[in-house]
$ cat query_7.csv   # CSV, C-alpha atoms and all ligand atoms
chain,number,residue,atom,x,y,z
A,17,MET,CA,-81.1,-65.1,-239.9
A,18,SER,CA,-77.9,-66.6,-238.5
A,19,ASN,CA,-77.5,-70.0,-237.0
A,20,ILE,CA,-74.2,-70.1,-235.1
A,21,ILE,CA,-73.1,-73.6,-234.1
A,22,LYS,CA,-69.9,-74.8,-232.3
A,23,LEU,CA,-67.7,-77.6,-233.7
A,24,PRO,CA,-64.6,-79.1,-232.2
A,25,GLY,CA,-61.6,-77.7,-234.1
A,26,LEU,CA,-61.0,-79.8,-237.2
A,27,ILE,CA,-57.8,-82.0,-237.4
A,28,ASP,CA,-56.5,-82.3,-240.9
A,29,ILE,CA,-54.2,-85.4,-240.8
A,30,HIS,CA,-52.7,-84.9,-244.3
A,31,VAL,CA,-51.3,-81.6,-245.6
A,32,HIS,CA,-48.2,-80.5,-247.5
A,33,LEU,CA,-46.9,-77.0,-246.3
A,34,ARG,CA,-43.7,-77.2,-248.5
A,35,ASP,CA,-41.6,-75.5,-245.9
A,36,PRO,CA,-38.6,-75.8,-246.1
A,37,GLY,CA,-37.7,-76.1,-249.8
A,38,GLN,CA,-40.6,-74.8,-251.8
A,39,THR,CA,-41.9,-71.8,-249.9
A,40,HIS,CA,-43.0,-70.1,-253.2
A,41,LYS,CA,-45.9,-72.6,-253.1
A,42,GLU,CA,-46.7,-72.4,-249.4
A,43,ASP,CA,-45.0,-71.9,-246.0
A,44,PHE,CA,-45.9,-72.7,-242.4
A,45,PHE,CA,-47.5,-69.3,-241.9
A,46,THR,CA,-49.6,-69.2,-245.0
A,47,GLY,CA,-50.6,-72.8,-244.8
A,48,THR,CA,-51.6,-72.7,-241.2
A,49,SER,CA,-53.5,-69.4,-241.8
A,50,ALA,CA,-55.4,-71.2,-244.6
A,51,ALA,CA,-56.1,-73.9,-242.0
A,52,LEU,CA,-57.6,-71.5,-239.5
A,53,SER,CA,-59.8,-69.8,-242.1
A,54,GLY,CA,-61.2,-73.2,-242.8
A,55,GLY,CA,-61.9,-74.1,-239.2
A,56,VAL,CA,-58.9,-76.5,-239.0
A,57,THR,CA,-57.1,-76.1,-235.7
A,58,THR,CA,-54.5,-78.8,-236.1
A,59,ILE,CA,-52.6,-80.0,-239.2
A,60,PHE,CA,-50.2,-82.9,-239.7
A,61,ASP,CA,-47.6,-82.0,-242.2
A,62,MET,CA,-46.2,-84.6,-244.7
A,63,PRO,CA,-42.4,-85.2,-245.1
A,64,ASN,CA,-42.1,-85.0,-248.9
A,65,ASN,CA,-40.3,-81.7,-248.9
A,66,LEU,CA,-37.8,-80.9,-251.6
A,67,GLU,CA,-35.2,-82.5,-249.3
A,68,PRO,CA,-37.3,-85.2,-247.6
A,69,ILE,CA,-37.6,-85.5,-243.9
A,70,PHE,CA,-35.8,-88.8,-243.4
A,71,THR,CA,-33.3,-87.9,-240.6
A,72,SER,CA,-33.5,-86.3,-237.2
A,73,GLU,CA,-31.5,-83.4,-238.5
A,74,LYS,CA,-34.1,-82.6,-241.2
A,75,LEU,CA,-36.9,-83.1,-238.7
A,76,MET,CA,-35.4,-80.7,-236.2
A,77,GLU,CA,-34.9,-78.1,-238.9
A,78,LYS,CA,-38.6,-78.4,-239.8
A,79,ILE,CA,-39.7,-78.4,-236.1
A,80,ASN,CA,-37.9,-75.1,-235.7
A,81,ILE,CA,-39.6,-73.6,-238.7
A,82,ALA,CA,-43.0,-74.7,-237.6
A,83,LYS,CA,-42.3,-73.3,-234.0
A,84,GLN,CA,-41.6,-69.9,-235.5
A,85,LYS,CA,-44.3,-69.7,-238.1
A,86,ALA,CA,-47.4,-71.8,-237.3
A,87,VAL,CA,-50.6,-70.1,-236.2
A,88,CYS,CA,-52.5,-73.4,-235.7
A,89,ASP,CA,-51.4,-76.5,-233.8
A,90,TRP,CA,-49.3,-79.0,-235.8
A,91,GLY,CA,-47.7,-82.4,-235.9
A,92,LEU,CA,-45.0,-83.7,-238.3
A,93,TYR,CA,-44.5,-87.0,-240.1
A,94,LEU,CA,-41.2,-88.7,-240.6
A,95,GLY,CA,-40.6,-90.0,-244.1
A,96,THR,CA,-38.8,-93.2,-245.1
A,97,ASP,CA,-36.9,-94.5,-248.1
A,98,GLY,CA,-36.6,-97.9,-246.3
A,99,ARG,CA,-32.9,-97.1,-245.4
A,100,ASN,CA,-33.5,-95.0,-242.3
A,101,THR,CA,-35.1,-97.8,-240.3
A,102,ASP,CA,-32.3,-97.9,-237.7
A,103,GLU,CA,-33.3,-94.3,-236.7
A,104,PHE,CA,-37.0,-95.1,-236.2
A,105,GLU,CA,-36.7,-95.8,-232.4
A,106,LYS,CA,-34.8,-92.6,-231.8
A,107,ILE,CA,-37.1,-90.3,-233.8
A,108,ALA,CA,-40.6,-91.9,-233.3
A,109,ASP,CA,-41.6,-90.0,-230.2
A,110,LYS,CA,-40.9,-86.6,-231.9
A,111,VAL,CA,-43.4,-87.3,-234.8
A,112,ILE,CA,-47.1,-87.9,-235.2
A,113,GLY,CA,-46.4,-90.9,-237.4
A,114,LEU,CA,-44.4,-92.3,-240.3
A,115,LYS,CA,-45.3,-91.7,-244.0
A,116,LEU,CA,-44.5,-94.3,-246.6
A,117,TYR,CA,-45.0,-93.7,-250.3
A,118,LEU,CA,-45.7,-96.8,-252.4
A,119,SER,CA,-46.9,-95.2,-255.6
A,120,LEU,CA,-45.2,-92.5,-257.6
A,121,THR,CA,-46.2,-89.0,-256.6
A,122,THR,CA,-44.7,-85.5,-255.9
A,123,GLY,CA,-41.1,-85.9,-254.7
A,124,LYS,CA,-40.5,-89.4,-256.1
A,125,TYR,CA,-39.8,-91.0,-252.8
A,126,VAL,CA,-41.4,-94.3,-253.6
A,127,VAL,CA,-40.1,-97.4,-251.9
A,128,ALA,CA,-40.4,-99.9,-254.7
A,129,ASP,CA,-38.6,-102.9,-253.2
A,130,ASP,CA,-41.0,-105.1,-251.3
A,131,LYS,CA,-38.2,-106.3,-249.0
A,132,LEU,CA,-37.6,-102.7,-247.9
A,133,VAL,CA,-41.3,-102.1,-247.5
A,134,GLU,CA,-41.5,-105.1,-245.2
A,135,LEU,CA,-38.5,-103.8,-243.2
A,136,VAL,CA,-40.4,-100.6,-242.6
A,137,PHE,CA,-43.4,-102.4,-241.3
A,138,LYS,CA,-41.2,-104.6,-239.1
A,139,LYS,CA,-39.2,-101.7,-237.6
A,140,TRP,CA,-41.7,-98.9,-237.1
A,141,PRO,CA,-42.9,-98.8,-233.5
A,142,LYS,CA,-46.3,-100.6,-233.2
A,143,SER,CA,-47.7,-97.9,-230.9
A,144,LYS,CA,-47.3,-95.2,-233.6
A,145,VAL,CA,-49.3,-94.7,-236.8
A,146,LEU,CA,-47.9,-95.8,-240.2
A,147,VAL,CA,-49.6,-93.8,-243.0
A,148,VAL,CA,-49.3,-95.1,-246.5
A,149,HIS,CA,-49.9,-93.7,-250.0
A,150,ALA,CA,-50.9,-97.0,-251.5
A,151,GLU,CA,-53.0,-96.9,-254.6
A,152,SER,CA,-55.2,-99.9,-255.4
A,153,ASP,CA,-52.4,-102.1,-256.7
A,154,ARG,CA,-50.4,-101.8,-253.5
A,155,VAL,CA,-53.3,-102.1,-251.0
A,156,ASP,CA,-53.0,-105.9,-250.8
A,157,LEU,CA,-49.3,-105.7,-249.8
A,158,VAL,CA,-49.8,-103.2,-247.0
A,159,ILE,CA,-52.8,-105.0,-245.6
A,160,ARG,CA,-50.8,-108.3,-245.6
A,161,LEU,CA,-47.8,-106.7,-243.9
A,162,ALA,CA,-49.9,-104.8,-241.3
A,163,THR,CA,-51.7,-108.0,-240.4
A,164,ARG,CA,-48.4,-109.9,-240.1
A,165,TYR,CA,-46.6,-107.2,-238.0
A,166,GLN,CA,-49.6,-105.7,-236.2
A,167,ASN,CA,-49.0,-102.2,-237.3
A,168,LYS,CA,-51.4,-99.3,-236.8
A,169,LEU,CA,-51.9,-98.9,-240.5
A,170,HIS,CA,-53.6,-95.9,-242.0
A,171,ILE,CA,-54.3,-95.9,-245.7
A,172,THR,CA,-54.6,-92.3,-246.9
A,173,HIS,CA,-56.5,-90.6,-249.7
A,174,VAL,CA,-58.6,-93.7,-250.8
A,175,SER,CA,-60.2,-92.8,-254.1
A,176,THR,CA,-61.6,-95.9,-255.8
A,177,LYS,CA,-64.3,-98.6,-255.2
A,178,ASP,CA,-61.6,-101.3,-255.6
A,179,GLY,CA,-59.3,-99.8,-253.0
A,180,LEU,CA,-62.1,-99.2,-250.5
A,181,GLU,CA,-63.6,-102.6,-251.0
A,182,LYS,CA,-60.3,-104.2,-250.1
A,183,ILE,CA,-60.0,-102.0,-247.0
A,184,ILE,CA,-63.5,-102.8,-245.8
A,185,ASP,CA,-62.7,-106.5,-246.2
A,186,ALA,CA,-59.5,-106.2,-244.3
A,187,LYS,CA,-61.0,-104.2,-241.4
A,188,LYS,CA,-63.3,-107.2,-240.6
A,189,ASN,CA,-60.2,-109.1,-239.4
A,190,THR,CA,-57.7,-106.4,-238.5
A,191,LYS,CA,-59.1,-103.7,-236.3
A,192,SER,CA,-56.0,-101.5,-236.4
A,193,ILE,CA,-56.4,-100.7,-240.1
A,194,THR,CA,-58.0,-97.3,-240.8
A,195,CYS,CA,-58.4,-95.0,-243.9
A,196,ASP,CA,-59.4,-91.6,-245.1
A,197,THR,CA,-60.6,-90.0,-248.3
A,198,THR,CA,-60.5,-86.3,-249.3
A,199,PRO,CA,-63.1,-83.7,-250.3
A,200,HIS,CA,-61.8,-83.9,-253.9
A,201,TYR,CA,-62.6,-87.6,-254.3
A,202,LEU,CA,-66.0,-87.0,-252.8
A,203,MET,CA,-66.8,-83.9,-254.9
A,204,LEU,CA,-64.9,-84.4,-258.2
A,205,SER,CA,-64.4,-87.1,-260.8
A,206,GLU,CA,-62.3,-87.6,-264.0
A,207,GLU,CA,-64.8,-85.3,-265.7
A,208,TYR,CA,-63.1,-82.4,-263.9
A,209,LEU,CA,-59.8,-83.5,-265.2
A,210,ARG,CA,-61.1,-83.6,-268.7
A,211,GLU,CA,-62.3,-80.1,-268.4
A,212,PHE,CA,-59.6,-78.5,-266.4
A,213,LYS,CA,-56.6,-80.5,-267.6
A,214,GLY,CA,-53.4,-79.8,-265.5
A,215,LEU,CA,-55.4,-78.3,-262.7
A,216,GLY,CA,-57.1,-81.7,-262.2
A,217,ILE,CA,-53.9,-83.7,-262.0
A,218,VAL,CA,-53.6,-85.3,-258.5
A,219,LYS,CA,-52.3,-88.6,-257.1
A,220,PRO,CA,-54.2,-90.9,-256.9
A,221,PRO,CA,-56.0,-89.6,-260.0
A,222,LEU,CA,-59.6,-88.3,-259.9
A,223,ALA,CA,-61.7,-91.4,-260.4
A,224,THR,CA,-64.9,-92.3,-262.1
A,225,PRO,CA,-68.4,-91.1,-261.0
A,226,LYS,CA,-69.0,-94.8,-260.0
A,227,ASP,CA,-66.0,-94.7,-257.6
A,228,GLN,CA,-67.2,-91.4,-256.3
A,229,GLU,CA,-70.7,-92.8,-255.6
A,230,TYR,CA,-69.2,-95.8,-253.8
A,231,LEU,CA,-67.2,-93.6,-251.4
A,232,TRP,CA,-70.4,-91.7,-250.5
A,233,GLN,CA,-72.4,-95.0,-250.0
A,234,ASN,CA,-69.7,-96.3,-247.7
A,235,LEU,CA,-68.9,-93.2,-245.7
A,236,ASN,CA,-69.5,-95.3,-242.6
A,237,HIS,CA,-66.5,-97.4,-243.4
A,238,ILE,CA,-64.3,-94.4,-243.9
A,239,ASP,CA,-62.5,-93.2,-240.7
A,240,CYS,CA,-61.4,-89.7,-241.5
A,241,ILE,CA,-61.6,-87.0,-244.1
A,242,ALA,CA,-58.3,-85.1,-244.8
A,243,SER,CA,-57.6,-82.5,-247.3
A,244,ASP,CA,-54.3,-83.7,-248.8
A,245,HIS,CA,-53.7,-80.0,-249.2
A,246,ALA,CA,-51.0,-80.1,-251.9
A,247,PRO,CA,-50.4,-76.5,-253.1
A,248,HIS,CA,-48.7,-75.9,-256.4
A,249,THR,CA,-48.9,-72.5,-258.2
A,250,LEU,CA,-51.3,-71.8,-261.0
A,251,ASP,CA,-48.3,-71.3,-263.4
A,252,GLU,CA,-47.0,-74.7,-262.5
A,253,LYS,CA,-50.4,-76.3,-262.8
A,254,GLN,CA,-50.9,-74.7,-266.2
A,255,SER,CA,-47.4,-75.6,-267.5
A,256,SER,CA,-46.7,-78.4,-270.0
A,257,ASN,CA,-45.6,-80.6,-267.1
A,258,PRO,CA,-48.1,-80.0,-264.3
A,259,PRO,CA,-47.2,-81.3,-260.9
A,260,ALA,CA,-49.8,-83.5,-259.1
A,261,GLY,CA,-51.8,-82.1,-256.2
A,262,LEU,CA,-54.7,-79.9,-255.2
A,263,PRO,CA,-54.9,-77.3,-252.4
A,264,GLY,CA,-57.8,-77.9,-250.0
A,265,VAL,CA,-57.3,-77.2,-246.3
A,266,GLU,CA,-59.5,-74.1,-246.3
A,267,THR,CA,-62.3,-75.4,-248.5
A,268,MET,CA,-62.8,-78.8,-246.7
A,269,LEU,CA,-65.3,-77.7,-244.1
A,270,PRO,CA,-67.6,-75.5,-246.3
A,271,LEU,CA,-67.7,-78.2,-248.9
A,272,LEU,CA,-68.5,-81.0,-246.4
A,273,ALA,CA,-71.1,-78.8,-244.6
A,274,GLU,CA,-72.9,-78.4,-247.9
A,275,GLU,CA,-73.2,-82.2,-248.3
A,276,MET,CA,-73.2,-84.0,-244.9
A,277,SER,CA,-74.5,-83.9,-241.3
A,278,VAL,CA,-72.6,-82.1,-238.6
A,279,GLU,CA,-72.3,-85.4,-236.7
A,280,ASN,CA,-70.5,-87.0,-239.7
A,281,ILE,CA,-68.2,-84.0,-240.0
A,282,ILE,CA,-67.2,-84.2,-236.3
A,283,ARG,CA,-66.7,-88.0,-236.6
A,284,LEU,CA,-64.5,-87.7,-239.7
A,285,THR,CA,-62.5,-84.6,-238.8
A,286,ASN,CA,-62.1,-84.7,-235.0
A,287,ILE,CA,-63.3,-87.8,-233.1
A,288,ASN,CA,-61.6,-90.4,-235.4
A,289,PRO,CA,-58.4,-88.5,-236.0
A,290,ARG,CA,-58.0,-88.1,-232.2
A,291,LYS,CA,-58.7,-91.8,-231.7
A,292,ILE,CA,-56.3,-92.9,-234.3
A,293,PHE,CA,-53.4,-90.6,-233.4
A,294,GLY,CA,-54.0,-90.6,-229.6
A,295,LEU,CA,-54.9,-87.0,-229.0
A,296,THR,CA,-57.1,-85.8,-226.2
A,297,GLN,CA,-60.0,-83.4,-226.7
A,298,ASP,CA,-59.5,-79.8,-225.6
A,299,THR,CA,-62.9,-78.2,-225.1
A,300,LYS,CA,-61.3,-74.8,-225.4
A,301,THR,CA,-60.3,-75.5,-229.1
A,302,TYR,CA,-63.4,-75.0,-231.2
A,303,VAL,CA,-64.9,-73.3,-234.3
A,304,GLU,CA,-68.0,-71.2,-234.6
A,305,ILE,CA,-69.7,-71.5,-238.0
A,306,ASP,CA,-72.9,-70.1,-239.3
A,307,LYS,CA,-74.6,-73.3,-240.3
A,308,ASP,CA,-77.0,-71.5,-242.7
A,309,GLU,CA,-74.6,-68.9,-244.2
A,310,GLY,CA,-73.8,-69.9,-247.7
A,311,TYR,CA,-71.1,-68.2,-249.7
A,312,LYS,CA,-69.1,-68.5,-252.9
A,313,ILE,CA,-65.6,-70.0,-252.7
A,314,LYS,CA,-63.3,-67.6,-254.6
A,315,ASN,CA,-59.6,-67.8,-255.5
A,316,GLU,CA,-59.0,-64.2,-254.5
A,317,ASP,CA,-60.4,-64.8,-250.9
A,318,LEU,CA,-58.0,-67.7,-250.1
A,319,PHE,CA,-55.2,-67.6,-247.6
A,320,THR,CA,-53.1,-70.3,-249.3
A,321,LYS,CA,-50.0,-68.9,-251.1
A,322,CYS,CA,-50.8,-70.9,-254.2
A,323,GLY,CA,-53.8,-68.7,-254.7
A,324,TRP,CA,-56.3,-71.1,-256.4
A,325,SER,CA,-58.7,-73.8,-255.6
A,326,PRO,CA,-60.3,-76.5,-257.8
A,327,PHE,CA,-63.6,-75.3,-256.1
A,328,ASP,CA,-63.3,-71.7,-257.3
A,329,GLY,CA,-66.9,-70.6,-257.9
A,330,TRP,CA,-68.5,-73.4,-255.9
A,331,GLU,CA,-71.0,-72.8,-253.1
A,332,GLY,CA,-69.8,-73.5,-249.6
A,333,THR,CA,-71.9,-73.4,-246.5
A,334,GLY,CA,-71.2,-73.0,-242.8
A,335,LYS,CA,-69.1,-69.9,-243.0
A,336,VAL,CA,-66.3,-69.9,-240.3
A,337,LYS,CA,-66.9,-67.0,-238.0
A,338,ARG,CA,-64.5,-67.5,-235.1
A,339,VAL,CA,-61.8,-70.0,-234.2
A,340,PHE,CA,-60.5,-70.6,-230.7
A,341,ILE,CA,-57.4,-72.6,-229.8
A,342,ARG,CA,-56.7,-73.5,-226.1
A,343,GLY,CA,-59.1,-70.7,-225.1
A,344,MET,CA,-57.5,-68.0,-227.3
A,345,LYS,CA,-59.4,-66.4,-230.1
A,346,VAL,CA,-57.2,-67.0,-233.2
A,347,PHE,CA,-59.4,-66.1,-236.1
A,348,GLU,CA,-62.5,-63.9,-236.6
A,349,ASP,CA,-64.3,-62.6,-239.6
A,350,GLY,CA,-61.5,-63.3,-242.1
A,351,LYS,CA,-58.6,-62.2,-239.9
A,352,ILE,CA,-55.8,-64.1,-238.2
A,353,LEU,CA,-55.5,-62.7,-234.6
A,354,VAL,CA,-52.4,-64.4,-233.3
A,355,ASN,CA,-48.7,-64.0,-234.2
A,356,PRO,CA,-46.6,-66.6,-236.1
A,357,GLY,CA,-45.4,-69.2,-233.6
A,358,PHE,CA,-48.7,-69.3,-231.6
A,359,GLY,CA,-49.3,-72.9,-232.9
A,360,LYS,CA,-48.0,-75.7,-230.8
A,361,ASN,CA,-46.6,-79.2,-231.6
A,362,VAL,CA,-49.2,-81.7,-230.5
A,363,VAL,CA,-46.6,-84.5,-230.2
B,401,LIG,C1,-49.0,-84.6,-253.1
B,401,LIG,C2,-48.0,-83.5,-253.2
B,401,LIG,O1,-48.1,-82.6,-254.1
B,401,LIG,O2,-47.1,-83.4,-252.3
B,401,LIG,N1,-49.6,-84.7,-254.4
B,401,LIG,C3,-50.7,-85.3,-254.7
B,401,LIG,O3,-51.0,-85.4,-255.9
B,401,LIG,N2,-51.5,-85.8,-253.8
B,401,LIG,C4,-48.3,-85.9,-252.7
B,401,LIG,C5,-49.2,-87.0,-252.3
B,401,LIG,O4,-50.0,-86.8,-251.4
B,401,LIG,O5,-49.2,-88.0,-252.9
B,402,ZN,ZN,-50.1,-89.3,-251.5
B,403,ZN,ZN,-50.5,-85.8,-249.9
$ encode --input "query_7.csv" --output "structure tokens"
Amino acid sequence: MSNIIKLPGLIDIHVHLRDPGQTHKEDFFTGTSAALSGGVTTIFDMPNNLEPIFTSEKLMEKINIAKQKAVCDWGLYLGTDGRNTDEFEKIADKVIGLKLYLSLTTGKYVVADDKLVELVFKKWPKSKVLVVHAESDRVDLVIRLATRYQNKLHITHVSTKDGLEKIIDAKKNTKSITCDTTPHYLMLSEEYLREFKGLGIVKPPLATPKDQEYLWQNLNHIDCIASDHAPHTLDEKQSSNPPAGLPGVETMLPLLAEEMSVENIIRLTNINPRKIFGLTQDTKTYVEIDKDEGYKIKNEDLFTKCGWSPFDGWEGTGKVKRVFIRGMKVFEDGKILVNPGFGKNVV
């Protein structure tokens, strides 16, 4: 028996497609193909490329690549080292938002000097979203600054009870603060890291089962779920110095569909991302899933170039049957039906 239901296309506000610079891990075609196979019709790509996206030149180079290769819709983030603030006004309307790294992660673009962090909050246009990688120890700082400068602050990949508690508290007074978590913080804990070593290394680190439980109990305070799709090859992950990051754009929907209601999935992956980033709903962009069709997630079936998933062997549900973008059938029964370049910039 099949039970086909229609969902608005998922919007994944946090992915790393590694193009340009590290296309052996992923590129705009493979990454957006992976997105479609997981029911994701729009991705927002992060700026921590090998050469970071801090200038309009770098941004234009990436826009041109996405225009040629993407099969789903997309938006790009600008990055900052705190020294490109004079360019903000000029670039802001070409990007979906600004990304600021406050804790050490892939690419080492951390802004460590609090004065520079403050300058970023002061200078970034208040109408556009400022996304931060701020682990628990930096959450107080970003909340304080966002309250002072009235930023649209979005705290991404929240993983701990401590971090989420602080955000829940801040939201009571400052309505423009939002946050997301990822499927891996909901589904995995440090136990996975103990078993799978390098494969389980991610920033922020996989947390305790208690943290995991707190995220589930407070799902109503979480605004979005994003994948933080961070592909690294299996060789790299199994090396003596494994990079941090887990792939996840194509496994997000089947994992969530196994654990939560369709209403919650729509709220966390479509309604709230649109609200936060100011996108309108296109009724001709949607996904058909078989709500009751379970299947095994397998590395060999994945579209991502990195070729592995921390969820290899897990049960997923709600198999993606067909995906439509702006009325065009773009994916059906495991096949991409449009040419590279079909995807449009949503900005
Ligand atoms: C991300 C990556 O690989 O680019 N890694 C990660 O562990 N999450 C960077 C990031 O999102 O912090
Ligand atoms: Zn991060
Ligand atoms: Zn990330």
$ residues_near_ligand --input "query_7.csv" --ligand "ligand LIG 401 (chain B)" --cutoff "8 Å" --atoms "only C-alpha atoms and all ligand atoms" --output "PyMOL selection string"
chain A and resi 30-32+62+64-65+117+120-123+149+173+217-221+244-248+259-262
$ residues_around --input "query_7.csv" --residues "region 138-140 of chain A" --least-positions-apart "5" --cutoff "7 Å" --atoms "only C-alpha atoms" --output "list in words"
Thr101, Phe104 and Tyr165 of chain A
$ atom_distance --input "query_7.csv" --atom1 "CA of Phe45 (chain A)" --atom2 "CA of Lys85 (chain A)"
5.0 Å
$ closest_residue --input "query_7.csv" --among "A:Thr198, A:Ser325, A:Thr249, A:Asn288" --to "ligand ZN 403 (chain B)" --atoms "all atoms listed in the file"
A:Thr198
$ residues_near_point --input "query_7.csv" --point "(-62.9, -78.4, -250.7)" --cutoff "8 Å" --atoms "all atoms listed in the file" --output "VMD selection string"
chain A and resid 199 to 200 203 243 264 to 272 325 to 327
$ decode --input "query_7.csv" --residues "region 114-148 of chain A" --atoms "C-alpha atoms" --output "short mmCIF file (atom, residue, chain, number, x, y, z; two decimals), in the first residue's frame"
data_model
loop_
_atom_site.label_atom_id
_atom_site.label_comp_id
_atom_site.auth_asym_id
_atom_site.auth_seq_id
_atom_site.Cartn_x
_atom_site.Cartn_y
_atom_site.Cartn_z
CA LEU A 114 26.22 36.75 6.52
CA LYS A 115 28.02 33.86 8.25
CA LEU A 116 30.29 34.51 11.20
CA TYR A 117 32.45 31.79 12.80
CA LEU A 118 33.11 32.27 16.51
CA SER A 119 34.42 28.82 17.36
CA LEU A 120 37.20 26.88 15.64
CA THR A 121 35.93 24.71 12.76
CA THR A 122 36.73 23.64 9.18
CA GLY A 123 38.61 26.44 7.43
CA LYS A 124 39.84 28.25 10.56
CA TYR A 125 38.01 31.51 9.89
CA VAL A 126 37.26 32.26 13.51
CA VAL A 127 36.92 35.88 14.51
CA ALA A 128 38.52 35.78 17.95
CA ASP A 129 38.72 39.49 18.75
CA ASP A 130 35.50 40.62 20.47
CA LYS A 131 35.96 44.16 19.12
CA LEU A 132 35.89 42.83 15.54
CA VAL A 133 32.86 40.68 16.37
CA GLU A 134 31.10 43.80 17.63
CA LEU A 135 32.00 45.69 14.46
CA VAL A 136 30.38 42.90 12.39
CA PHE A 137 27.13 43.16 14.37
CA LYS A 138 27.20 46.95 14.05
CA LYS A 139 27.86 47.06 10.31
CA TRP A 140 25.80 44.13 8.91
CA PRO A 141 22.46 45.49 7.55
CA LYS A 142 19.70 44.97 10.11
CA SER A 143 17.24 43.71 7.48
CA LYS A 144 19.45 40.73 6.60
CA VAL A 145 20.14 37.60 8.61
CA LEU A 146 23.40 37.15 10.53
CA VAL A 147 24.10 33.44 11.03
CA VAL A 148 26.64 32.49 13.68
#
